[in-house]
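Colleague: Pasting work.pdb below, which is PDB, C-alpha atoms, pLDDT in the B column.
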ATOM      1  CA  GLU A   1       0.000   0.000   0.000  1.00 48.00           C
ATOM      2  CA  HIS A   2       3.006   2.284   0.415  1.00 52.00           C
ATOM      3  CA  GLY A   3       4.597   1.604  -2.958  1.00 62.00           C
ATOM      4  CA  VAL A   4       7.075  -1.079  -1.874  1.00 74.00           C
ATOM      5  CA  LEU A   5       6.679  -4.793  -1.188  1.00 83.00           C
ATOM      6  CA  PRO A   6       7.870  -5.911   2.241  1.00 86.00           C
ATOM      7  CA  ASP A   7      11.039  -8.006   2.513  1.00 90.00           C
ATOM      8  CA  GLY A   8       9.147 -10.363   4.792  1.00 93.00           C
ATOM      9  CA  THR A   9       5.738 -10.832   6.365  1.00 91.00           C
ATOM     10  CA  THR A  10       4.790 -12.920   9.390  1.00 93.00           C
ATOM     11  CA  ALA A  11       1.209 -13.390  10.608  1.00 91.00           C
ATOM     12  CA  HIS A  12      -0.070 -14.842  13.868  1.00 93.00           C
ATOM     13  CA  LEU A  13      -3.636 -15.590  14.914  1.00 91.00           C
ATOM     14  CA  CYS A  14      -4.349 -15.501  18.644  1.00 92.00           C
ATOM     15  CA  GLY A  15      -8.040 -16.234  19.085  1.00 90.00           C
ATOM     16  CA  ASP A  16      -9.799 -13.342  17.373  1.00 88.00           C
ATOM     17  CA  LEU A  17      -6.613 -11.209  17.224  1.00 92.00           C
ATOM     18  CA  ALA A  18      -4.500 -11.136  14.051  1.00 91.00           C
ATOM     19  CA  ILE A  19      -0.962  -9.794  14.312  1.00 91.00           C
ATOM     20  CA  VAL A  20       0.944  -9.071  11.105  1.00 89.00           C
ATOM     21  CA  ARG A  21       4.614  -8.033  11.090  1.00 91.00           C
ATOM     22  CA  MET A  22       6.246  -6.723   7.945  1.00 89.00           C
ATOM     23  CA  ARG A  23       9.939  -6.059   7.473  1.00 89.00           C
ATOM     24  CA  GLY A  24      11.616  -3.853   4.869  1.00 87.00           C
ATOM     25  CA  VAL A  25       8.591  -1.665   4.155  1.00 85.00           C
ATOM     26  CA  PHE A  26      10.291   1.719   3.762  1.00 88.00           C
ATOM     27  CA  THR A  27      10.483   3.283   0.300  1.00 88.00           C
ATOM     28  CA  SER A  28      13.788   4.716  -0.966  1.00 89.00           C
ATOM     29  CA  PRO A  29      12.741   8.323  -0.169  1.00 92.00           C
ATOM     30  CA  GLU A  30      11.621   7.266   3.327  1.00 91.00           C
ATOM     31  CA  ARG A  31      14.968   5.555   3.962  1.00 90.00           C
ATOM     32  CA  ALA A  32      16.734   8.795   2.992  1.00 94.00           C
ATOM     33  CA  VAL A  33      14.553  10.821   5.392  1.00 95.00           C
ATOM     34  CA  LEU A  34      15.117   8.256   8.168  1.00 92.00           C
ATOM     35  CA  ALA A  35      18.845   9.011   8.002  1.00 93.00           C
ATOM     36  CA  GLU A  36      18.200  12.673   8.865  1.00 95.00           C
ATOM     37  CA  GLU A  37      17.763  14.016  12.383  1.00 94.00           C
ATOM     38  CA  GLY A  38      14.073  13.812  13.301  1.00 93.00           C
ATOM     39  CA  GLY A  39      13.443  11.761  10.165  1.00 94.00           C
ATOM     40  CA  ARG A  40      11.791   8.855  11.945  1.00 91.00           C
ATOM     41  CA  LYS A  41       9.137  11.178  13.361  1.00 93.00           C
ATOM     42  CA  ARG A  42       8.480  12.744   9.942  1.00 94.00           C
ATOM     43  CA  VAL A  43       8.119   9.337   8.278  1.00 93.00           C
ATOM     44  CA  ALA A  44       5.813   8.156  11.073  1.00 90.00           C
ATOM     45  CA  LEU A  45       3.611  11.244  10.692  1.00 92.00           C
ATOM     46  CA  ALA A  46       3.422  10.815   6.911  1.00 92.00           C
ATOM     47  CA  ARG A  47       2.578   7.123   7.295  1.00 89.00           C
ATOM     48  CA  HIS A  48      -0.088   7.953   9.881  1.00 89.00           C
ATOM     49  CA  GLU A  49      -1.715  10.433   7.499  1.00 91.00           C
ATOM     50  CA  HIS A  50      -1.548   7.943   4.630  1.00 88.00           C
ATOM     51  CA  ARG A  51      -3.023   5.227   6.848  1.00 88.00           C
ATOM     52  CA  SER A  52      -6.040   7.418   7.641  1.00 88.00           C
ATOM     53  CA  LEU A  53      -6.663   7.744   3.896  1.00 91.00           C
ATOM     54  CA  VAL A  54      -6.446   4.001   3.101  1.00 89.00           C
ATOM     55  CA  ARG A  55      -7.859   2.482   6.300  1.00 90.00           C
ATOM     56  CA  ARG A  56     -11.027   1.196   4.586  1.00 92.00           C
ATOM     57  CA  LYS A  57      -9.006  -0.450   1.828  1.00 92.00           C
ATOM     58  CA  VAL A  58      -6.763  -2.132   4.396  1.00 88.00           C
ATOM     59  CA  HIS A  59      -9.793  -3.363   6.357  1.00 92.00           C
ATOM     60  CA  SER A  60     -11.319  -4.763   3.145  1.00 94.00           C
ATOM     61  CA  ALA A  61      -8.111  -6.662   2.363  1.00 91.00           C
ATOM     62  CA  VAL A  62      -7.986  -8.067   5.902  1.00 88.00           C
ATOM     63  CA  ALA A  63     -11.653  -9.089   5.705  1.00 92.00           C
ATOM     64  CA  GLU A  64     -11.015 -10.884   2.427  1.00 94.00           C
ATOM     65  CA  VAL A  65      -8.129 -12.900   3.894  1.00 89.00           C
ATOM     66  CA  LEU A  66      -9.640 -13.649   7.317  1.00 88.00           C
ATOM     67  CA  GLY A  67     -13.277 -13.922   6.292  1.00 90.00           C
ATOM     68  CA  CYS A  68     -14.499 -11.371   8.835  1.00 90.00           C
ATOM     69  CA  GLU A  69     -14.512  -7.588   9.150  1.00 90.00           C
ATOM     70  CA  PRO A  70     -11.908  -6.136  11.520  1.00 91.00           C
ATOM     71  CA  ILE A  71     -13.260  -4.069  14.377  1.00 90.00           C
ATOM     72  CA  ARG A  72     -10.177  -1.852  14.457  1.00 89.00           C
ATOM     73  CA  SER A  73      -6.560  -1.941  13.382  1.00 88.00           C
ATOM     74  CA  PHE A  74      -3.327  -0.428  14.611  1.00 87.00           C
ATOM     75  CA  PHE A  75       0.102   0.058  13.101  1.00 82.00           C
ATOM     76  CA  ASP A  76       3.472   1.024  14.428  1.00 79.00           C
ATOM     77  CA  LEU A  77       6.863   1.741  12.900  1.00 75.00           C
ATOM     78  CA  ASP A  78       9.536   0.209  15.046  1.00 67.00           C
TER      79      ASP A  78
END
The structure in this file should be written as structure tokens.
Modeller:
Amino acid sequence: EHGVLPDGTTAHLCGDLAIVRMRGVFTSPERAVLAEEGGRKRVALARHEHRSLVRRKVHSAVAEVLGCEPIRSFFDLD
């Protein structure tokens, strides 16, 4: 959804909780910004804004895979 395929994805189901971890999800421009002072915060803010725009699409994709609509979703860049 961010213009780059992850290097790796791991998913875990714990009852009705789905946890998905993706590695290597930063685009080339994001990696350049991350190297700057305060870059991580700027990338996180941009991703947060983008996420608010595509949340419904993400929920639809999750529903298609899991067979049920998510109640809510969270993301974190760590």
Colleague: As a list in words, please: the residues near range 68-78 of chain A (cut-off 8 Å, only C-alpha atoms, same-chain neighbours under 3 positions excluded).
Modeller: Ala44, His59, Ser60, Val62, Ala63 and Glu64 of chain A
Colleague: Near Arg23 in chain A, within 8 Å and counting all atoms listed in the file, which residues show up once chain neighbours fewer than 3 positions away are dropped, as a count of residues only?
Modeller: 4
Colleague: Using all atoms listed in the file, which of the listed residues (A:Ala18, A:Val43, A:Arg51, A:Ser28) sits closest to Val65 in chain A?
Modeller: A:Ala18
Colleague: So that I can check the surroundings of Phe26 in chain A, please list as a ChimeraX atom specification every protein, DNA and RNA residue that reaches within 8 Å of it, counting all atoms listed in the file and ignoring chain neighbours fewer than 3 positions away.
Modeller: /A:4,30-31
Colleague: What does the distance between CA of Ser52 in chain A and CA of Leu66 in chain A come to in Å, to one decimal place?
Modeller: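 For CA of Ser52 in chain A relative to CA of Leu66 in chain A, the distance reads 21.4 Å.
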